[in-house]
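Student: What follows is target-v4.pdb, made up of PDB, C-alpha atoms and all ligand atoms:
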ATOM      1  CA  MET H  26      86.034 518.964 198.307
ATOM      2  CA  ASP H  27      86.548 515.776 196.306
ATOM      3  CA  VAL H  28      87.315 513.639 199.346
ATOM      4  CA  LEU H  29      83.869 514.392 200.732
ATOM      5  CA  ASN H  30      80.648 512.680 199.713
ATOM      6  CA  PRO H  31      77.667 514.820 198.595
ATOM      7  CA  THR H  32      76.069 514.862 202.070
ATOM      8  CA  GLU H  33      79.348 515.946 203.677
ATOM      9  CA  LYS H  34      79.778 518.679 201.048
ATOM     10  CA  GLU H  35      76.272 519.908 201.766
ATOM     11  CA  ASN H  36      77.047 519.891 205.503
ATOM     12  CA  VAL H  37      80.221 521.936 204.939
ATOM     13  CA  LYS H  38      78.077 524.575 203.208
ATOM     14  CA  LYS H  39      75.483 524.506 205.989
ATOM     15  CA  ALA H  40      78.210 524.833 208.634
ATOM     16  CA  ALA H  41      79.650 527.858 206.810
ATOM     17  CA  GLU H  42      76.221 529.503 206.654
ATOM     18  CA  LEU H  43      75.466 528.745 210.278
ATOM     19  CA  LEU H  44      78.794 530.190 211.429
ATOM     20  CA  LEU H  45      78.305 533.300 209.288
ATOM     21  CA  SER H  46      74.881 533.862 210.823
ATOM     22  CA  SER H  47      76.190 533.476 214.384
ATOM     23  CA  LYS H  48      76.734 536.278 216.882
ATOM     24  CA  HIS H  49      78.961 534.539 219.428
ATOM     25  CA  ALA H  50      80.321 531.295 217.990
ATOM     26  CA  ILE H  51      82.990 529.398 219.896
ATOM     27  CA  VAL H  52      85.131 526.331 219.210
ATOM     28  CA  LEU H  53      85.768 523.329 221.466
ATOM     29  CA  THR H  54      88.682 521.146 220.427
ATOM     30  CA  GLY H  55      90.097 517.806 221.527
ATOM     31  CA  ALA H  56      93.051 515.595 220.704
ATOM     32  CA  GLY H  57      91.603 514.704 217.289
ATOM     33  CA  ILE H  58      92.497 518.100 215.885
ATOM     34  CA  SER H  59      96.193 517.435 216.544
ATOM     35  CA  THR H  60      96.510 513.888 215.153
ATOM     36  CA  GLU H  61      97.219 515.348 211.703
ATOM     37  CA  SER H  62     100.186 517.105 213.364
ATOM     38  CA  GLY H  63     101.525 513.686 214.392
ATOM     39  CA  ILE H  64     100.320 513.742 218.018
ATOM     40  CA  PRO H  65      98.333 510.637 218.942
ATOM     41  CA  ASP H  66      94.912 511.145 220.500
ATOM     42  CA  PHE H  67      93.755 509.271 223.623
ATOM     43  CA  ARG H  68      90.821 507.108 222.552
ATOM     44  CA  GLY H  69      91.098 506.904 218.746
ATOM     45  CA  LYS H  70      92.424 503.741 217.092
ATOM     46  CA  ASP H  71      96.100 504.489 217.920
ATOM     47  CA  GLY H  72      95.241 506.364 221.112
ATOM     48  CA  ILE H  73      97.772 506.956 223.916
ATOM     49  CA  TRP H  74      95.672 505.084 226.502
ATOM     50  CA  LYS H  75      95.958 501.921 224.362
ATOM     51  CA  LYS H  76      99.759 501.907 224.763
ATOM     52  CA  TYR H  77      99.753 503.399 228.266
ATOM     53  CA  PRO H  78      96.612 502.287 230.132
ATOM     54  CA  VAL H  79      95.052 505.313 231.781
ATOM     55  CA  GLU H  80      94.751 503.701 235.253
ATOM     56  CA  THR H  81      98.511 503.030 235.313
ATOM     57  CA  TYR H  82      99.770 506.176 233.604
ATOM     58  CA  GLY H  83      97.183 508.916 233.495
ATOM     59  CA  THR H  84      95.897 509.428 237.022
ATOM     60  CA  LEU H  85      97.197 511.564 239.866
ATOM     61  CA  LYS H  86      97.294 508.397 241.970
ATOM     62  CA  SER H  87      99.473 506.561 239.437
ATOM     63  CA  LEU H  88     101.865 509.517 239.297
ATOM     64  CA  LEU H  89     102.110 509.609 243.094
ATOM     65  CA  THR H  90     102.581 505.876 243.527
ATOM     66  CA  ASN H  91     104.840 505.311 240.527
ATOM     67  CA  PRO H  92     106.288 508.610 239.293
ATOM     68  CA  SER H  93     109.086 507.053 237.261
ATOM     69  CA  LYS H  94     106.548 505.128 235.159
ATOM     70  CA  PHE H  95     104.734 508.377 234.426
ATOM     71  CA  TRP H  96     108.010 510.048 233.437
ATOM     72  CA  LYS H  97     108.854 507.168 231.080
ATOM     73  CA  MET H  98     105.607 507.824 229.228
ATOM     74  CA  ALA H  99     106.270 511.575 229.277
ATOM     75  CA  GLU H 100     109.752 511.013 227.870
ATOM     76  CA  ASP H 101     108.307 508.914 225.054
ATOM     77  CA  ILE H 102     105.628 511.460 224.120
ATOM     78  CA  ALA H 103     107.463 514.747 224.864
ATOM     79  CA  PRO H 104     109.597 515.051 221.677
ATOM     80  CA  THR H 105     106.494 514.616 219.504
ATOM     81  CA  LEU H 106     104.553 517.143 221.577
ATOM     82  CA  PHE H 107     107.298 519.773 221.646
ATOM     83  CA  ASN H 108     108.230 519.461 217.953
ATOM     84  CA  ALA H 109     104.720 519.290 216.519
ATOM     85  CA  LYS H 110     103.534 521.966 214.122
ATOM     86  CA  PRO H 111      99.968 523.184 213.593
ATOM     87  CA  ASN H 112      98.038 521.575 210.728
ATOM     88  CA  PRO H 113      95.413 523.056 208.364
ATOM     89  CA  GLY H 114      92.681 522.444 210.977
ATOM     90  CA  HIS H 115      94.421 524.700 213.535
ATOM     91  CA  TYR H 116      95.062 527.370 210.891
ATOM     92  CA  ALA H 117      91.434 527.297 209.746
ATOM     93  CA  ILE H 118      90.326 527.988 213.344
ATOM     94  CA  THR H 119      92.809 530.861 213.577
ATOM     95  CA  TYR H 120      91.361 532.262 210.365
ATOM     96  CA  LEU H 121      87.814 532.040 211.761
ATOM     97  CA  GLU H 122      89.007 533.951 214.829
ATOM     98  CA  LYS H 123      90.725 536.609 212.683
ATOM     99  CA  MET H 124      87.490 537.058 210.711
ATOM    100  CA  ASN H 125      85.757 537.597 214.065
ATOM    101  CA  ILE H 126      83.410 534.698 213.366
ATOM    102  CA  ILE H 127      84.501 532.740 216.408
ATOM    103  CA  LYS H 128      85.076 534.549 219.689
ATOM    104  CA  ALA H 129      87.043 531.979 221.692
ATOM    105  CA  ILE H 130      88.619 528.542 221.587
ATOM    106  CA  ILE H 131      88.260 526.091 224.456
ATOM    107  CA  THR H 132      90.765 523.288 224.106
ATOM    108  CA  GLN H 133      91.334 520.082 226.020
ATOM    109  CA  ASN H 134      94.733 519.856 224.338
ATOM    110  CA  ILE H 135      97.985 520.537 226.132
ATOM    111  CA  ASP H 136     100.127 520.899 222.987
ATOM    112  CA  GLY H 137      99.855 524.663 222.446
ATOM    113  CA  LEU H 138      99.219 524.192 218.715
ATOM    114  CA  HIS H 139      96.326 526.674 218.552
ATOM    115  CA  GLN H 140      98.656 529.375 219.853
ATOM    116  CA  LYS H 141     101.442 528.243 217.502
ATOM    117  CA  ALA H 142      98.932 528.656 214.661
ATOM    118  CA  GLY H 143      98.298 532.246 215.789
ATOM    119  CA  SER H 144      95.040 531.887 217.721
ATOM    120  CA  ILE H 145      94.685 534.445 220.512
ATOM    121  CA  ILE H 146      91.780 533.643 222.821
ATOM    122  CA  VAL H 147      92.497 530.073 223.889
ATOM    123  CA  TYR H 148      91.327 528.511 227.169
ATOM    124  CA  GLU H 149      93.443 525.451 227.992
ATOM    125  CA  VAL H 150      91.075 523.598 230.304
ATOM    126  CA  HIS H 151      93.472 520.678 230.819
ATOM    127  CA  GLY H 152      96.598 522.825 231.281
ATOM    128  CA  ASN H 153      99.679 522.746 229.070
ATOM    129  CA  ILE H 154     103.112 521.181 228.797
ATOM    130  CA  ASN H 155     105.109 524.369 229.203
ATOM    131  CA  ARG H 156     105.178 524.498 232.992
ATOM    132  CA  PHE H 157     105.738 522.017 235.817
ATOM    133  CA  THR H 158     104.437 522.014 239.369
ATOM    134  CA  CYS H 159     105.945 520.586 242.563
ATOM    135  CA  LEU H 160     103.560 518.125 244.187
ATOM    136  CA  GLY H 161     104.939 518.982 247.618
ATOM    137  CA  CYS H 162     105.177 522.763 247.879
ATOM    138  CA  GLY H 163     103.425 523.895 244.681
ATOM    139  CA  ALA H 164     106.508 525.641 243.239
ATOM    140  CA  SER H 165     106.243 526.266 239.514
ATOM    141  CA  TYR H 166     109.047 525.521 237.037
ATOM    142  CA  SER H 167     109.362 526.307 233.327
ATOM    143  CA  LYS H 168     109.701 523.457 230.864
ATOM    144  CA  ASP H 169     113.250 524.551 229.976
ATOM    145  CA  VAL H 170     114.416 524.334 233.592
ATOM    146  CA  ILE H 171     113.037 520.797 233.807
ATOM    147  CA  LEU H 172     114.717 519.741 230.575
ATOM    148  CA  GLN H 173     118.053 521.027 231.949
ATOM    149  CA  LYS H 174     117.412 519.272 235.239
ATOM    150  CA  THR H 175     116.663 515.883 233.680
ATOM    151  CA  LYS H 176     119.729 516.214 231.419
ATOM    152  CA  LYS H 177     122.034 517.175 234.295
ATOM    153  CA  GLU H 178     120.798 514.634 236.807
ATOM    154  CA  LYS H 179     120.450 511.933 234.150
ATOM    155  CA  SER H 180     117.354 510.883 236.028
ATOM    156  CA  LEU H 181     113.879 510.222 234.716
ATOM    157  CA  LEU H 182     112.345 511.641 237.830
ATOM    158  CA  PRO H 183     112.815 515.374 238.331
ATOM    159  CA  VAL H 184     112.354 516.593 241.906
ATOM    160  CA  CYS H 185     111.840 520.003 243.471
ATOM    161  CA  ASP H 186     114.941 522.047 244.439
ATOM    162  CA  SER H 187     113.468 523.176 247.722
ATOM    163  CA  CYS H 188     111.469 520.194 249.026
ATOM    164  CA  ALA H 189     112.627 517.239 246.884
ATOM    165  CA  SER H 190     109.038 516.204 246.073
ATOM    166  CA  PRO H 191     108.254 514.936 242.559
ATOM    167  CA  LEU H 192     107.452 517.474 239.852
ATOM    168  CA  LYS H 193     104.584 517.032 237.451
ATOM    169  CA  PRO H 194     103.709 518.797 234.195
ATOM    170  CA  SER H 195     100.967 521.390 234.706
ATOM    171  CA  VAL H 196      98.465 519.201 232.921
ATOM    172  CA  VAL H 197      95.254 517.921 234.456
ATOM    173  CA  LEU H 198      95.428 514.219 235.314
ATOM    174  CA  PHE H 199      92.450 512.018 236.176
ATOM    175  CA  GLY H 200      91.682 512.662 239.840
ATOM    176  CA  GLU H 201      92.595 516.362 239.605
ATOM    177  CA  ASN H 202      90.379 519.405 239.295
ATOM    178  CA  LEU H 203      90.374 521.678 236.272
ATOM    179  CA  PRO H 204      92.054 525.066 236.736
ATOM    180  CA  ASN H 205      89.352 527.356 238.143
ATOM    181  CA  PHE H 206      89.671 530.290 235.767
ATOM    182  CA  GLU H 207      89.533 528.148 232.616
ATOM    183  CA  LYS H 208      86.734 526.023 234.044
ATOM    184  CA  TYR H 209      84.424 528.924 234.850
ATOM    185  CA  MET H 210      85.264 530.870 231.685
ATOM    186  CA  SER H 211      84.460 527.846 229.535
ATOM    187  CA  ILE H 212      81.133 527.243 231.286
ATOM    188  CA  ASP H 213      80.257 530.899 230.848
ATOM    189  CA  LEU H 214      81.201 530.821 227.158
ATOM    190  CA  ALA H 215      79.241 527.602 226.600
ATOM    191  CA  LYS H 216      76.125 529.211 228.128
ATOM    192  CA  LYS H 217      76.448 532.391 226.054
ATOM    193  CA  THR H 218      77.302 530.937 222.675
ATOM    194  CA  ASP H 219      74.787 530.539 219.868
ATOM    195  CA  ILE H 220      76.987 528.042 217.943
ATOM    196  CA  MET H 221      79.541 525.665 219.414
ATOM    197  CA  LEU H 222      81.808 524.114 216.802
ATOM    198  CA  ILE H 223      83.271 520.907 218.258
ATOM    199  CA  ALA H 224      86.334 519.505 216.500
ATOM    200  CA  GLY H 225      88.209 516.266 217.255
ATOM    201  CA  SER H 226      86.843 515.233 220.632
ATOM    202  CA  SER H 227      85.259 511.931 221.659
ATOM    203  CA  LEU H 228      83.252 513.950 224.240
ATOM    204  CA  GLU H 229      83.813 511.177 226.750
ATOM    205  CA  VAL H 230      85.594 513.054 229.516
ATOM    206  CA  ALA H 231      83.811 515.094 232.181
ATOM    207  CA  PRO H 232      83.393 517.893 232.942
ATOM    208  CA  ILE H 233      84.225 519.187 229.450
ATOM    209  CA  CYS H 234      81.878 516.752 227.685
ATOM    210  CA  ASP H 235      79.045 518.585 229.481
ATOM    211  CA  LEU H 236      79.872 522.011 228.014
ATOM    212  CA  PRO H 237      77.773 521.452 224.863
ATOM    213  CA  ILE H 238      74.796 520.635 227.100
ATOM    214  CA  TYR H 239      74.933 524.163 228.550
ATOM    215  CA  THR H 240      74.856 525.461 224.971
ATOM    216  CA  LEU H 241      71.890 523.273 223.994
ATOM    217  CA  ASN H 242      69.996 524.197 227.170
ATOM    218  CA  GLN H 243      70.336 527.890 226.324
ATOM    219  CA  GLY H 244      69.020 527.327 222.785
ATOM    220  CA  GLY H 245      72.431 527.260 221.085
ATOM    221  CA  LYS H 246      73.363 524.892 218.263
ATOM    222  CA  LEU H 247      76.174 522.388 217.821
ATOM    223  CA  ILE H 248      78.343 521.537 214.816
ATOM    224  CA  ILE H 249      80.441 518.394 215.341
ATOM    225  CA  ILE H 250      83.434 517.417 213.210
ATOM    226  CA  ASN H 251      84.861 514.109 214.370
ATOM    227  CA  ASP H 252      85.856 510.987 212.481
ATOM    228  CA  GLU H 253      83.819 508.825 214.890
ATOM    229  CA  PRO H 254      80.315 509.251 216.310
ATOM    230  CA  THR H 255      79.844 510.991 219.674
ATOM    231  CA  TYR H 256      77.048 510.899 222.245
ATOM    232  CA  LEU H 257      75.810 514.292 221.060
ATOM    233  CA  ASP H 258      75.474 513.571 217.327
ATOM    234  CA  GLU H 259      71.704 513.240 217.609
ATOM    235  CA  ARG H 260      71.374 516.632 219.260
ATOM    236  CA  SER H 261      73.644 518.450 216.792
ATOM    237  CA  ASP H 262      72.524 520.546 213.859
ATOM    238  CA  ILE H 263      75.436 519.348 211.745
ATOM    239  CA  VAL H 264      77.708 516.293 212.115
ATOM    240  CA  ILE H 265      80.579 515.622 209.719
ATOM    241  CA  ASN H 266      82.449 512.329 210.319
ATOM    242  CA  GLN H 267      85.654 513.355 208.568
ATOM    243  CA  LYS H 268      89.153 514.667 209.300
ATOM    244  CA  THR H 269      89.257 518.101 210.919
ATOM    245  CA  GLY H 270      92.304 519.004 208.787
ATOM    246  CA  ILE H 271      90.171 518.543 205.687
ATOM    247  CA  VAL H 272      86.786 519.831 206.804
ATOM    248  CA  LEU H 273      87.762 523.005 208.704
ATOM    249  CA  PRO H 274      89.711 524.550 205.784
ATOM    250  CA  LEU H 275      86.775 523.705 203.484
ATOM    251  CA  ILE H 276      84.393 525.533 205.822
ATOM    252  CA  VAL H 277      86.707 528.558 205.669
ATOM    253  CA  GLU H 278      86.757 528.384 201.838
ATOM    254  CA  GLU H 279      82.985 528.220 201.803
ATOM    255  CA  ILE H 280      82.707 531.233 204.122
ATOM    256  CA  LYS H 281      85.056 533.196 201.861
ATOM    257  CA  LYS H 282      82.911 532.275 198.832
ATOM    258  CA  ILE H 283      79.682 533.372 200.532
ATOM    259  CA  LYS H 284      81.263 536.639 201.666
ATOM    260  CA  ALA H 285      82.623 537.345 198.171
ATOM    261  CA  LEU H 286      79.214 536.635 196.672
ATOM    262  CA  ASN H 287      77.435 538.887 199.170
ATOM    263  CA  GLY H 288      80.047 541.608 198.560
ATOM    264  CA  SER H 289      79.493 541.497 194.812
ATOM    265  CA  LYS H 290      75.704 541.530 195.353
ATOM    266  CA  THR H 291      75.858 544.719 197.452
ATOM    267  CA  GLN H 292      78.113 546.381 194.859
ATOM    268  CA  ASN H 293      75.593 545.721 192.068
TER     269      ASN H 293
HETATM  270  N1  LIG Z 301      89.783 514.386 212.502
HETATM  271  C1  LIG Z 301      88.627 514.167 213.167
HETATM  272  N2  LIG Z 301      88.531 513.376 214.251
HETATM  273  C2  LIG Z 301      89.659 512.773 214.689
HETATM  274  C3  LIG Z 301      90.903 512.945 214.039
HETATM  275  C4  LIG Z 301      90.938 513.784 212.893
HETATM  276  N3  LIG Z 301      92.069 514.026 212.220
HETATM  277  N4  LIG Z 301      91.837 512.217 214.699
HETATM  278  C5  LIG Z 301      91.195 511.616 215.712
HETATM  279  N5  LIG Z 301      89.887 511.953 215.729
HETATM  280  C6  LIG Z 301      88.857 511.615 216.706
HETATM  281  C7  LIG Z 301      88.989 510.254 217.370
HETATM  282  O1  LIG Z 301      88.371 509.244 216.604
HETATM  283  C8  LIG Z 301      88.276 510.495 218.693
HETATM  284  O2  LIG Z 301      86.881 510.290 218.580
HETATM  285  O3  LIG Z 301      88.999 512.555 217.756
HETATM  286  C9  LIG Z 301      88.525 511.986 218.970
HETATM  287  C10 LIG Z 301      89.554 512.209 220.048
HETATM  288  O4  LIG Z 301      89.043 511.801 221.267
HETATM  289  P1  LIG Z 301      89.949 511.516 222.544
HETATM  290  O5  LIG Z 301      91.148 510.734 222.140
HETATM  291  O6  LIG Z 301      89.079 510.956 223.606
HETATM  292  O7  LIG Z 301      90.479 512.988 222.907
HETATM  293  P2  LIG Z 301      89.740 514.120 223.761
HETATM  294  O8  LIG Z 301      88.281 514.124 223.481
HETATM  295  O9  LIG Z 301      90.505 515.349 223.573
HETATM  296  O10 LIG Z 301      89.963 513.563 225.227
HETATM  297  C11 LIG Z 301      89.633 514.367 226.322
HETATM  298  O11 LIG Z 301      90.736 512.863 227.779
HETATM  299  O12 LIG Z 301      92.441 511.489 228.494
HETATM  300  C12 LIG Z 301      91.929 512.739 228.529
HETATM  301  O13 LIG Z 301      93.055 514.624 229.242
HETATM  302  C13 LIG Z 301      92.860 513.855 228.103
HETATM  303  O14 LIG Z 301      92.236 516.014 227.175
HETATM  304  C14 LIG Z 301      92.048 514.619 227.072
HETATM  305  C15 LIG Z 301      90.624 514.215 227.415
HETATM  306 ZN    ZN Z 302     108.642 521.597 246.250
END
Any chance you could give the structure as structure tokens?
Tutor:
Amino acid sequence: MDVLNPTEKENVKKAAELLLSSKHAIVLTGAGISTESGIPDFRGKDGIWKKYPVETYGTLKSLLTNPSKFWKMAEDIAPTLFNAKPNPGHYAITYLEKMNIIKAIITQNIDGLHQKAGSIIVYEVHGNINRFTCLGCGASYSKDVILQKTKKEKSLLPVCDSCASPLKPSVVLFGENLPNFEKYMSIDLAKKTDIMLIAGSSLEVAPICDLPIYTLNQGGKLIIINDEPTYLDERSDIVINQKTGIVLPLIVEEIKKIKALNGSKTQN
């Protein structure tokens, strides 16, 4: 805990206690949880949208009007995304799920690192990078087929076999709707939860940035771990402005300590 100041240490303890007292805690993650795995976030200091402005690269319109530009960005980012490994923050969340302290993970991330870390109940509200969709006929392709295609055709712009329209990764771009199942499940979870642990999100993108409001409106509490302030800090029970890869494992350690102490108390 030496990297943390006394207030942060105290907040780690409080977060552990709050999570242990919860009945239906859930986690909401954003790109910040994966930066310690080498994947840049979007709005942090080295965020993707700084190198690739969102209006030119991140919208459905930009993909439709200039698909090869989009694919250039994808080609730049893809090796990092596909080769990344989970970091201690992801593993701590998996551990909380295994201990049955958290019941589900809602993630805005498309990197699949929660699943790689062994987490089971993960709602990917912004899709993932493992499938591709044809913008013309809706056909779905696996990532491996696309990689073969781009290698074979030596082109940056993969197109559909049956209708020759451009293919896009099954990730949600600005101007697109969220996948229905994940959207409604996450709203339902946010309404039911007593504690939402938010890790590594600027909470700037709708509709996901509204999920914690459902939780607050139903009397639930928020714990925020993010290295920068967010618009919900004032309404949160606990805010820790530190790295998720440091804080989440410390919360797990603290939970283990409390459980061990309670176990030894009941034995006496
Ligand atoms: N620990 C804690 N916080 C971190 C860390 C870290 N190791 N690394 C970065 N952060 C913080 C950043 O300072 C920033 O506040 O995490 C936050 C990440 O915010 P965004 O980059 O906005 O990512 P996210 O909230 O997931 O964005 C939502 O926006 O562009 C879209 O579709 C994209 O899913 C994404 C959505
Ligand atoms: Zn097609």
Student: Please measure the separation of atom O9 of ligand LIG 301 (chain Z) and CA of Pro111 in chain H, giving the value in Å to one decimal.
Tutor: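 A separation of 15.8 Å between them.
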Student: At a cut-off of 12 Å, using only C-alpha atoms, what residues contact Asn125 in chain H? Leave out same-chain residues fewer than 6 positions from it and give the result as a list of chain:residue names.
Tutor: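 Those residues are H:Leu44, H:Leu45, H:Ser46, H:Ser47, H:Lys48, H:His49, H:Ala50, H:Ile51, H:Ile118, H:Thr119, H:Ser144, H:Ile145, H:Ile146.
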Student: Compare H:Ala215, H:Ala56, H:Leu192, H:Cys162 by their minimum atom-to-atom distance to ligand LIG 301 (chain Z), counting all atoms listed in the file, and give me the closest one.
Tutor: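 Looking only at the distances to ligand LIG 301 (chain Z), the closest residue turns out to be H:Ala56.
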Student: May I ask you to write as a PyMOL selection string all residues lying at most 9 Å from ligand LIG 301 (chain Z), with only C-alpha atoms and all ligand atoms counted?
Tutor: chain H and resi 54-62+65-74+79+83+114+132-135+150-151+196-199+224-231+233-234+250-255+265-272
Student: My list of candidates is H:Ala99, H:Val264, H:Ala142, H:Cys159. Which is closest to Lys123 in chain H when distances are computed with all atoms listed in the file?
Tutor: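 The closest residue to Lys123 in chain H is H:Ala142.
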Student: Collect all residues with atoms no farther than 8 Å from ligand ZN 302 (chain Z), counting all atoms listed in the file, and output them as a PDB file with C-alpha atoms, in the coordinates of the input.
Tutor:
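Final output, result_36.pdb:
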ATOM      1  CA  CYS H 159     105.945 520.586 242.563  1.00  0.00           C
ATOM      2  CA  LEU H 160     103.560 518.125 244.187  1.00  0.00           C
ATOM      3  CA  GLY H 161     104.939 518.982 247.618  1.00  0.00           C
ATOM      4  CA  CYS H 162     105.177 522.763 247.879  1.00  0.00           C
ATOM      5  CA  GLY H 163     103.425 523.895 244.681  1.00  0.00           C
ATOM      6  CA  ALA H 164     106.508 525.641 243.239  1.00  0.00           C
ATOM      7  CA  VAL H 184     112.354 516.593 241.906  1.00  0.00           C
ATOM      8  CA  CYS H 185     111.840 520.003 243.471  1.00  0.00           C
ATOM      9  CA  ASP H 186     114.941 522.047 244.439  1.00  0.00           C
ATOM     10  CA  SER H 187     113.468 523.176 247.722  1.00  0.00           C
ATOM     11  CA  CYS H 188     111.469 520.194 249.026  1.00  0.00           C
ATOM     12  CA  ALA H 189     112.627 517.239 246.884  1.00  0.00           C
ATOM     13  CA  SER H 190     109.038 516.204 246.073  1.00  0.00           C
ATOM     14  CA  PRO H 191     108.254 514.936 242.559  1.00  0.00           C
ATOM     15  CA  LEU H 192     107.452 517.474 239.852  1.00  0.00           C
TER      16      LEU H 192
END
Student: In Å, with one decimal, what is the gap from CA of Leu214 in chain H to CA of Lys282 in chain H?
Tutor: 28.4 Å
Student: Under the PyMOL selection byres (((chain H and resi 243) around 12) and not hetatm), which residues of this model are included? Write them out as a list in words.
Tutor: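 This file, filtered by the PyMOL selection byres (((chain H and resi 243) around 12) and not hetatm), leaves Ile212, Asp213, Leu214, Ala215, Lys216, Lys217, Thr218, Asp219, Ile220, Met221, Leu236, Pro237, Ile238, Tyr239, Thr240, Leu241, Asn242, Gly244, Gly245, Lys246 and Leu247 of chain H.
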Student: Could you save the residues just selected, with C-alpha atoms, as a tab-separated table (two decimals), in the frame of the given file?
Tutor:
chain	number	residue	atom	x	y	z
H	212	ILE	CA	81.13	527.24	231.29
H	213	ASP	CA	80.26	530.90	230.85
H	214	LEU	CA	81.20	530.82	227.16
H	215	ALA	CA	79.24	527.60	226.60
H	216	LYS	CA	76.12	529.21	228.13
H	217	LYS	CA	76.45	532.39	226.05
H	218	THR	CA	77.30	530.94	222.68
H	219	ASP	CA	74.79	530.54	219.87
H	220	ILE	CA	76.99	528.04	217.94
H	221	MET	CA	79.54	525.66	219.41
H	236	LEU	CA	79.87	522.01	228.01
H	237	PRO	CA	77.77	521.45	224.86
H	238	ILE	CA	74.80	520.64	227.10
H	239	TYR	CA	74.93	524.16	228.55
H	240	THR	CA	74.86	525.46	224.97
H	241	LEU	CA	71.89	523.27	223.99
H	242	ASN	CA	70.00	524.20	227.17
H	244	GLY	CA	69.02	527.33	222.78
H	245	GLY	CA	72.43	527.26	221.08
H	246	LYS	CA	73.36	524.89	218.26
H	247	LEU	CA	76.17	522.39	217.82
Student: To one decimal in Å, tell me the separation between CA of Phe157 in chain H and CA of Thr175 in chain H.
Tutor: 12.7 Å
Student: Enclose the full set of atoms of range 94-97 of chain H listed in the file within a box whose edges lie along x, y and z, apply 4 Å of padding to each of the six sides, and report centre and edge lengths in Å to one decimal as JSON.
Tutor:
{"center_x": 106.8, "center_y": 507.6, "center_z": 233.1, "size_x": 12.1, "size_y": 12.9, "size_z": 12.1}
Student: Find, counting all atoms listed in the file, the residue in H:Val147, H:Leu43, H:Leu138, H:Leu182 that gets nearest to Glu100 in chain H.
Tutor: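 Ranked by minimum distance to Glu100 in chain H, first place goes to H:Leu182.
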Student: Go through H:Ile131, H:Trp96, H:Lys34, H:Asn91 and flag the residue nearest Ile171 in chain H, using all atoms listed in the file for the distances.
Tutor: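 Counting all atoms listed in the file, the residue closest to Ile171 in chain H is H:Trp96.
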Student: Given the file above and the PyMOL selection byres (((chain H and resi 261) around 7) and not hetatm), which residues are selected, and can you give them as an NGL selection string?
Tutor: :H and (246-249 or 257-260 or 262-264)
Student: Name all residues at most 12 Å from Asn205 in chain H (count all atoms listed in the file; drop same-chain ones fewer than 2 positions away) and give them as a ChimeraX atom specification.
Tutor: /H:148-152,197,201-203,207-212
Student: Name the residues that the PyMOL selection byres (((chain H and resi 168) around 9) and not hetatm) picks from the file above, as a ChimeraX atom specification, using the file's chain letters and numbers.
Tutor: /H:154-157,166-167,169-173,194
